[in-house]
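The next block is my_file-v3.cif, given as mmCIF, C-alpha atoms.
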```
data_target
loop_
_atom_site.group_PDB
_atom_site.id
_atom_site.type_symbol
_atom_site.label_atom_id
_atom_site.label_comp_id
_atom_site.auth_asym_id
_atom_site.auth_seq_id
_atom_site.Cartn_x
_atom_site.Cartn_y
_atom_site.Cartn_z
ATOM 1 C CA GLY A 27 17.331 14.096 27.802
ATOM 2 C CA LYS A 28 13.999 12.394 26.999
ATOM 3 C CA ILE A 29 12.673 15.329 24.961
ATOM 4 C CA GLY A 30 15.868 15.453 22.899
ATOM 5 C CA LYS A 31 15.555 11.743 22.098
ATOM 6 C CA GLN A 32 11.930 12.250 21.001
ATOM 7 C CA VAL A 33 12.886 15.121 18.697
ATOM 8 C CA ARG A 34 15.814 13.187 17.191
ATOM 9 C CA GLY A 35 13.530 10.180 16.694
ATOM 10 C CA ALA A 36 11.003 12.352 14.882
ATOM 11 C CA TYR A 37 13.797 13.753 12.722
ATOM 12 C CA GLN A 38 14.962 10.260 11.780
ATOM 13 C CA ARG A 39 11.425 9.368 10.672
ATOM 14 C CA THR A 40 11.203 12.294 8.252
ATOM 15 C CA HIS A 41 11.940 11.918 4.547
ATOM 16 C CA GLU A 42 13.076 15.500 4.049
ATOM 17 C CA VAL A 43 16.680 16.234 3.099
ATOM 18 C CA LEU A 44 17.541 18.492 6.030
ATOM 19 C CA SER A 45 20.448 18.658 8.417
ATOM 20 C CA TYR A 46 19.574 18.022 12.045
ATOM 21 C CA ASP A 47 20.234 21.699 12.855
ATOM 22 C CA GLU A 48 17.807 22.772 10.126
ATOM 23 C CA TYR A 49 15.228 20.345 11.456
ATOM 24 C CA LEU A 50 15.662 21.711 15.008
ATOM 25 C CA THR A 51 15.032 25.212 13.669
ATOM 26 C CA ARG A 52 11.716 24.015 12.226
ATOM 27 C CA VAL A 53 10.802 22.301 15.494
ATOM 28 C CA LEU A 54 11.475 25.484 17.449
ATOM 29 C CA SER A 55 9.292 27.482 15.048
ATOM 30 C CA ASP A 56 6.378 25.032 15.422
ATOM 31 C CA PRO A 57 7.172 22.277 17.942
ATOM 32 C CA TYR A 58 3.668 20.793 17.858
ATOM 33 C CA ARG A 59 3.599 20.140 14.131
ATOM 34 C CA HIS A 60 7.149 18.963 13.637
ATOM 35 C CA THR A 61 7.154 16.427 16.458
ATOM 36 C CA ARG A 62 3.816 14.845 15.529
ATOM 37 C CA THR A 63 3.612 11.676 13.447
ATOM 38 C CA ALA A 64 1.989 11.668 10.019
ATOM 39 C CA TYR A 65 -0.901 9.660 11.485
ATOM 40 C CA GLN A 66 -1.498 12.244 14.215
ATOM 41 C CA LEU A 67 -1.296 15.104 11.713
ATOM 42 C CA LEU A 68 -3.894 13.382 9.557
ATOM 43 C CA ARG A 69 -6.235 13.114 12.537
ATOM 44 C CA ASP A 70 -5.631 16.819 13.236
ATOM 45 C CA ALA A 71 -6.430 17.714 9.621
ATOM 46 C CA ILE A 72 -9.730 15.826 9.769
ATOM 47 C CA ALA A 73 -10.684 17.660 12.961
ATOM 48 C CA ASP A 74 -9.708 21.036 11.445
ATOM 49 C CA LEU A 75 -11.707 20.368 8.274
ATOM 50 C CA THR A 76 -14.722 19.333 10.342
ATOM 51 C CA ASP A 77 -14.566 22.694 12.138
ATOM 52 C CA ALA A 78 -14.263 24.469 8.771
ATOM 53 C CA LEU A 79 -17.244 22.821 7.030
ATOM 54 C CA LYS A 80 -19.431 25.930 7.202
ATOM 55 C CA LEU A 81 -16.630 28.345 6.356
ATOM 56 C CA VAL A 82 -14.517 26.706 3.635
ATOM 57 C CA PRO A 83 -16.363 25.701 0.426
ATOM 58 C CA ASP A 84 -14.332 22.583 -0.325
ATOM 59 C CA ALA A 85 -13.731 21.473 3.269
ATOM 60 C CA ARG A 86 -16.107 18.526 2.871
ATOM 61 C CA VAL A 87 -14.328 16.990 -0.093
ATOM 62 C CA ARG A 88 -10.942 17.655 1.497
ATOM 63 C CA ARG A 89 -12.147 15.880 4.628
ATOM 64 C CA ALA A 90 -13.365 12.977 2.464
ATOM 65 C CA ASP A 91 -9.879 12.691 0.940
ATOM 66 C CA ALA A 92 -8.258 12.767 4.384
ATOM 67 C CA LEU A 93 -10.652 10.120 5.706
ATOM 68 C CA ALA A 94 -10.020 7.888 2.682
ATOM 69 C CA THR A 95 -6.256 8.212 3.241
ATOM 70 C CA TRP A 96 -6.661 7.402 6.916
ATOM 71 C CA ALA A 97 -8.795 4.352 6.076
ATOM 72 C CA SER A 98 -6.130 3.114 3.656
ATOM 73 C CA HIS A 99 -3.490 3.431 6.397
ATOM 74 C CA LEU A 100 -5.722 1.489 8.796
ATOM 75 C CA HIS A 101 -6.103 -1.272 6.212
ATOM 76 C CA GLU A 102 -2.329 -1.446 5.658
ATOM 77 C CA ALA A 103 -1.850 -1.678 9.434
ATOM 78 C CA GLY A 104 -4.211 -4.663 9.614
ATOM 79 C CA LYS A 105 -7.005 -2.704 11.307
ATOM 80 C CA ASP A 106 -10.658 -2.481 10.276
ATOM 81 C CA PRO A 107 -11.043 0.535 7.926
ATOM 82 C CA ALA A 108 -14.751 0.075 7.153
ATOM 83 C CA GLU A 109 -16.199 2.794 9.391
ATOM 84 C CA VAL A 110 -13.677 5.410 8.235
ATOM 85 C CA PHE A 111 -14.191 4.519 4.560
ATOM 86 C CA ARG A 112 -17.956 4.917 5.079
ATOM 87 C CA ARG A 113 -17.426 8.339 6.626
ATOM 88 C CA ALA A 114 -15.360 9.310 3.580
ATOM 89 C CA LEU A 115 -18.062 8.015 1.238
ATOM 90 C CA ASP A 116 -20.744 10.010 3.071
ATOM 91 C CA ASP A 117 -18.702 13.171 2.476
ATOM 92 C CA TYR A 118 -18.058 12.275 -1.180
ATOM 93 C CA ASP A 119 -21.776 11.590 -1.680
ATOM 94 C CA GLU A 120 -22.772 14.961 -0.263
ATOM 95 C CA TRP A 121 -20.181 16.820 -2.336
ATOM 96 C CA ILE A 122 -21.032 15.036 -5.592
ATOM 97 C CA GLY A 123 -24.726 15.618 -4.948
ATOM 98 C CA ALA A 124 -24.036 19.332 -5.231
ATOM 99 C CA HIS A 125 -21.122 19.330 -7.697
ATOM 100 C CA ASP A 126 -20.748 17.210 -10.839
ATOM 101 C CA ASP A 127 -17.025 16.763 -10.256
ATOM 102 C CA LEU A 128 -15.367 13.979 -12.269
ATOM 103 C CA ASP A 129 -12.132 14.068 -10.277
ATOM 104 C CA VAL A 130 -14.056 13.543 -7.049
ATOM 105 C CA ARG A 131 -16.085 10.758 -8.660
ATOM 106 C CA ARG A 132 -12.810 8.996 -9.449
ATOM 107 C CA ARG A 133 -11.737 9.313 -5.841
ATOM 108 C CA ARG A 134 -15.122 8.050 -4.643
ATOM 109 C CA ALA A 135 -14.779 5.071 -7.000
ATOM 110 C CA ALA A 136 -11.357 4.322 -5.483
ATOM 111 C CA ALA A 137 -12.767 4.469 -1.947
ATOM 112 C CA ARG A 138 -15.671 2.216 -2.934
ATOM 113 C CA MET A 139 -13.263 -0.275 -4.517
ATOM 114 C CA LYS A 140 -11.006 -0.361 -1.463
ATOM 115 C CA LEU A 141 -13.902 -0.800 0.956
ATOM 116 C CA GLY A 142 -15.324 -3.483 -1.354
ATOM 117 C CA LEU A 143 -12.001 -5.346 -1.297
ATOM 118 C CA HIS A 144 -11.969 -5.158 2.487
ATOM 119 C CA LEU A 145 -15.498 -6.563 2.704
ATOM 120 C CA GLN A 146 -14.576 -9.288 0.222
ATOM 121 C CA ALA A 147 -11.559 -10.224 2.347
ATOM 122 C CA VAL A 148 -13.730 -10.617 5.461
ATOM 123 C CA ARG A 149 -16.359 -12.526 3.452
ATOM 124 C CA GLU A 150 -18.992 -9.821 3.302
ATOM 125 C CA ASP A 151 -20.868 -8.815 0.157
ATOM 126 C CA PRO A 152 -19.202 -5.940 -1.773
ATOM 127 C CA THR A 153 -21.775 -5.882 -4.604
ATOM 128 C CA VAL A 154 -23.340 -2.492 -3.826
ATOM 129 C CA LEU A 155 -19.918 -0.857 -3.523
ATOM 130 C CA TYR A 156 -18.596 -2.406 -6.731
ATOM 131 C CA ALA A 157 -21.750 -1.412 -8.628
ATOM 132 C CA GLY A 158 -21.375 2.166 -7.385
ATOM 133 C CA ALA A 159 -17.717 2.246 -8.367
ATOM 134 C CA VAL A 160 -18.634 1.039 -11.876
ATOM 135 C CA GLN A 161 -21.140 3.895 -12.192
ATOM 136 C CA ASP A 162 -18.532 6.428 -11.109
ATOM 137 C CA LEU A 163 -15.856 5.115 -13.460
ATOM 138 C CA ASP A 164 -18.271 4.889 -16.397
ATOM 139 C CA ALA A 165 -19.268 8.525 -15.836
ATOM 140 C CA VAL A 166 -15.604 9.552 -15.821
ATOM 141 C CA LEU A 167 -14.664 7.466 -18.876
ATOM 142 C CA ALA A 168 -17.626 8.769 -20.865
ATOM 143 C CA LYS A 169 -16.043 12.233 -20.627
ATOM 144 C CA ARG A 170 -12.401 11.118 -20.570
ATOM 145 C CA PRO A 171 -12.151 8.079 -22.867
ATOM 146 C CA SER A 172 -8.336 8.238 -23.024
ATOM 147 C CA LEU A 173 -7.826 7.963 -19.274
ATOM 148 C CA VAL A 174 -5.553 4.932 -18.958
ATOM 149 C CA ASP A 175 -5.827 4.611 -15.181
ATOM 150 C CA GLY A 176 -9.607 4.818 -15.426
ATOM 151 C CA TRP A 177 -9.781 1.849 -17.805
ATOM 152 C CA ALA A 178 -7.264 -0.081 -15.709
ATOM 153 C CA ASP A 179 -9.272 0.566 -12.539
ATOM 154 C CA ARG A 180 -12.456 -0.471 -14.353
ATOM 155 C CA GLY A 181 -10.846 -3.749 -15.394
ATOM 156 C CA ILE A 182 -9.375 -4.526 -11.976
ATOM 157 C CA LEU A 183 -12.725 -3.743 -10.375
ATOM 158 C CA GLU A 184 -14.537 -6.185 -12.681
ATOM 159 C CA LEU A 185 -11.864 -8.824 -12.036
ATOM 160 C CA ASN A 186 -12.329 -8.577 -8.262
ATOM 161 C CA TRP A 187 -16.100 -8.545 -8.638
ATOM 162 C CA GLY A 188 -15.876 -11.698 -10.749
ATOM 163 C CA LEU A 189 -13.671 -13.407 -8.169
ATOM 164 C CA PHE A 190 -16.388 -12.706 -5.611
ATOM 165 C CA SER A 191 -19.479 -13.496 -7.700
ATOM 166 C CA LYS A 192 -17.971 -16.239 -9.938
ATOM 167 C CA GLU A 193 -19.919 -14.688 -12.852
ATOM 168 C CA GLU A 194 -18.138 -14.864 -16.216
ATOM 169 C CA THR A 195 -19.602 -11.553 -17.382
ATOM 170 C CA HIS A 196 -17.394 -9.698 -14.918
ATOM 171 C CA PHE A 197 -14.264 -11.392 -16.227
ATOM 172 C CA GLN A 198 -15.345 -10.574 -19.790
ATOM 173 C CA GLU A 199 -15.856 -6.924 -18.825
ATOM 174 C CA ALA A 200 -12.451 -6.957 -17.137
ATOM 175 C CA VAL A 201 -10.801 -8.155 -20.355
ATOM 176 C CA ARG A 202 -12.611 -5.500 -22.373
ATOM 177 C CA ALA A 203 -11.552 -2.652 -20.064
ATOM 178 C CA LEU A 204 -7.978 -3.897 -19.756
ATOM 179 C CA ASP A 205 -7.750 -4.247 -23.551
ATOM 180 C CA ARG A 206 -8.493 -0.536 -23.713
ATOM 181 C CA ALA A 207 -5.948 0.324 -21.021
ATOM 182 C CA ALA A 208 -3.275 -1.779 -22.744
ATOM 183 C CA SER A 209 -3.940 -0.165 -26.121
ATOM 184 C CA LEU A 210 -3.688 3.319 -24.609
ATOM 185 C CA SER A 211 -0.458 2.514 -22.738
ATOM 186 C CA PRO A 212 1.329 -0.267 -24.668
ATOM 187 C CA GLU A 213 4.591 0.121 -22.711
ATOM 188 C CA ASP A 214 2.925 -0.592 -19.349
ATOM 189 C CA PRO A 215 2.716 -4.319 -18.480
ATOM 190 C CA THR A 216 0.242 -3.835 -15.613
ATOM 191 C CA PRO A 217 -3.008 -4.022 -17.643
ATOM 192 C CA GLY A 218 -1.738 -7.178 -19.330
ATOM 193 C CA VAL A 219 -1.002 -8.868 -15.995
ATOM 194 C CA TYR A 220 -4.543 -8.252 -14.732
ATOM 195 C CA ARG A 221 -5.983 -9.201 -18.117
ATOM 196 C CA GLY A 222 -4.081 -12.480 -17.790
ATOM 197 C CA ARG A 223 -5.802 -13.072 -14.434
ATOM 198 C CA ALA A 224 -9.211 -12.471 -16.014
ATOM 199 C CA ARG A 225 -8.404 -14.735 -18.956
ATOM 200 C CA GLU A 226 -7.296 -17.473 -16.584
ATOM 201 C CA ALA A 227 -10.645 -17.206 -14.812
ATOM 202 C CA LEU A 228 -12.353 -17.624 -18.191
ATOM 203 C CA GLY A 229 -10.227 -20.658 -19.020
ATOM 204 C CA ASP A 230 -8.464 -18.862 -21.875
ATOM 205 C CA TRP A 231 -5.115 -20.357 -20.953
ATOM 206 C CA LYS A 232 -3.144 -19.568 -24.111
ATOM 207 C CA GLU A 233 -4.207 -15.902 -24.112
ATOM 208 C CA ALA A 234 -3.454 -15.619 -20.384
ATOM 209 C CA LEU A 235 -0.007 -17.147 -20.925
ATOM 210 C CA ASP A 236 0.654 -14.685 -23.758
ATOM 211 C CA ASP A 237 -0.241 -11.794 -21.428
ATOM 212 C CA TYR A 238 2.106 -13.009 -18.693
ATOM 213 C CA LEU A 239 5.015 -13.701 -21.034
ATOM 214 C CA LYS A 240 4.636 -10.314 -22.684
ATOM 215 C CA ALA A 241 4.603 -8.626 -19.264
ATOM 216 C CA VAL A 242 7.819 -10.423 -18.276
ATOM 217 C CA LYS A 243 9.451 -9.468 -21.565
ATOM 218 C CA MET A 244 8.548 -5.820 -20.937
ATOM 219 C CA ARG A 245 9.588 -5.912 -17.284
ATOM 220 C CA PRO A 246 11.834 -8.889 -16.403
ATOM 221 C CA GLU A 247 11.611 -8.232 -12.656
ATOM 222 C CA LEU A 248 7.988 -9.462 -12.829
ATOM 223 C CA GLU A 249 9.123 -13.029 -13.597
ATOM 224 C CA PRO A 250 9.257 -14.287 -9.965
ATOM 225 C CA GLN A 251 5.830 -12.800 -9.281
ATOM 226 C CA LEU A 252 4.301 -14.408 -12.380
ATOM 227 C CA ALA A 253 6.199 -17.724 -12.377
ATOM 228 C CA GLU A 254 3.370 -19.674 -10.737
ATOM 229 C CA SER A 255 0.750 -18.237 -13.096
ATOM 230 C CA ILE A 256 2.910 -19.027 -16.143
ATOM 231 C CA ALA A 257 3.443 -22.598 -14.962
ATOM 232 C CA ARG A 258 -0.280 -23.021 -14.305
ATOM 233 C CA CYS A 259 -1.187 -21.853 -17.806
ATOM 234 C CA ARG A 260 1.409 -24.086 -19.439
ATOM 235 C CA LYS A 261 0.090 -27.077 -17.507
ATOM 236 C CA GLN A 262 -3.379 -26.467 -18.953
ATOM 237 C CA LEU A 263 -2.197 -26.353 -22.571
#
```
Step by step, read the file and then write its structure as structure tokens.
Amino acid sequence: GKIGKQVRGAYQRTHEVLSYDEYLTRVLSDPYRHTRTAYQLLRDAIADLTDALKLVPDARVRRADALATWASHLHEAGKDPAEVFRRALDDYDEWIGAHDDLDVRRRRAAARMKLGLHLQAVREDPTVLYAGAVQDLDAVLAKRPSLVDGWADRGILELNWGLFSKEETHFQEAVRALDRAASLSPEDPTPGVYRGRAREALGDWKEALDDYLKAVKMRPELEPQLAESIARCRKQL
């Protein structure tokens, strides 16, 4: 019947390696949870964490993480994530005000960057968010100078900020941070690709071309993605 179709549909949407009989056993043990979508479960988790704020010490930061995840899903679905990102940032701010937690500062930086990118896409000013994300990442990197992802995020942030502001200093900072990421992880082409973007913005065509060609040599499947950039650089030389 209709209920059976709903349960089988929920089973088909799962990524777990279970037989249908095993999945039915789980549904019978907790039908509410195992027939809800991931989106609905996320909403439930946020509500539960809100109720637990006075009882569970880390409920606020866990709610911030859940809100940030929800906002990212809204963005991917083409919906406006700004209000939910701001709710996440309010929770991160309150937690960090009481706890000097570098891991949470990294997550706040990520939320600030994503909200900044959204504002940039809808032609609003992301400057305050980008400046806050820089402060967070600098605090993390001061204590963890070998954190590859931190340097990569710092570079990508400066690149996006430069694309918004058109100020060369941001592209220069992007190159500096991505140099560090590339030196710490020489087998990863990603920092070089973004460094190429920053060098293009600076008019350093030969260096940008070198970055793109090196990335393709390291990971040939990047060639279609970078073909236009490579052709553009070659045209300028």
Sphere at (-20.4, -4.1, -2.8), radius 12 Å, counting all atoms listed in the file: residues as a PyMOL selection string
chain A and resi 135+137-147+149-160+183-184+186-188+190-191
With a distance cut-off of 10 Å and only C-alpha atoms, select the neighbouring residues of A:Asp119, excluding the residue or stretch itself and same-chain residues fewer than 4 positions from it, and output the selection as an MDAnalysis selection string.
chainID A and resid 87 90 113:115 123:125 130:131 134
Report the residues retrieved by the PyMOL selection byres ((chain A and resi 209-213) around 9) from the displayed file, expressed as an mmCIF file with C-alpha atoms, keeping the file's coordinate frame.
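result-v4.cif, freshly written:
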```
data_model
loop_
_atom_site.group_PDB
_atom_site.id
_atom_site.type_symbol
_atom_site.label_atom_id
_atom_site.label_comp_id
_atom_site.auth_asym_id
_atom_site.auth_seq_id
_atom_site.Cartn_x
_atom_site.Cartn_y
_atom_site.Cartn_z
ATOM 1 C CA SER A 172 -8.336 8.238 -23.024
ATOM 2 C CA LEU A 173 -7.826 7.963 -19.274
ATOM 3 C CA VAL A 174 -5.553 4.932 -18.958
ATOM 4 C CA LEU A 204 -7.978 -3.897 -19.756
ATOM 5 C CA ASP A 205 -7.750 -4.247 -23.551
ATOM 6 C CA ARG A 206 -8.493 -0.536 -23.713
ATOM 7 C CA ALA A 207 -5.948 0.324 -21.021
ATOM 8 C CA ALA A 208 -3.275 -1.779 -22.744
ATOM 9 C CA ASP A 214 2.925 -0.592 -19.349
ATOM 10 C CA PRO A 215 2.716 -4.319 -18.480
ATOM 11 C CA PRO A 217 -3.008 -4.022 -17.643
ATOM 12 C CA MET A 244 8.548 -5.820 -20.937
#
```
Find the distance between atom CA of A:Ala203 and atom CA of A:Ala97 and write it in Å to one decimal.
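A separation of 27.2 Å between them.
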Skip A:Ile72 itself and residues of its chain fewer than 6 positions away, then list as number ranges by chain all residues within 9 Å of it, counting only C-alpha atoms.
A: 88-90, 92-93
May I have the protein, DNA and RNA residues with any atom at most 12 Å from the point (-3.1, -12.0, -16.9), counting all atoms listed in the file, written as JSON, numbers by chain?
{"A": [181, 182, 185, 197, 200, 201, 204, 205, 208, 215, 216, 217, 218, 219, 220, 221, 222, 223, 224, 225, 226, 227, 228, 229, 230, 231, 232, 233, 234, 235, 236, 237, 238, 239, 240, 241, 242, 251, 252, 253, 254, 255, 256, 258, 259]}
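The space separating atom CA of A:Ala178 from atom CA of A:Glu109 comes to 26.8 Å.
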Quick one: distance from atom CA of A:Thr76 to atom CA of A:Lys105 in Å, one decimal?
23.4 Å
Counting all atoms listed in the file, which residue out of A:Leu81, A:Ala103, A:Leu163, A:Ala94 sits closest to A:Tyr118?
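With all atoms listed in the file as the atom set, the closest residue is A:Ala94.
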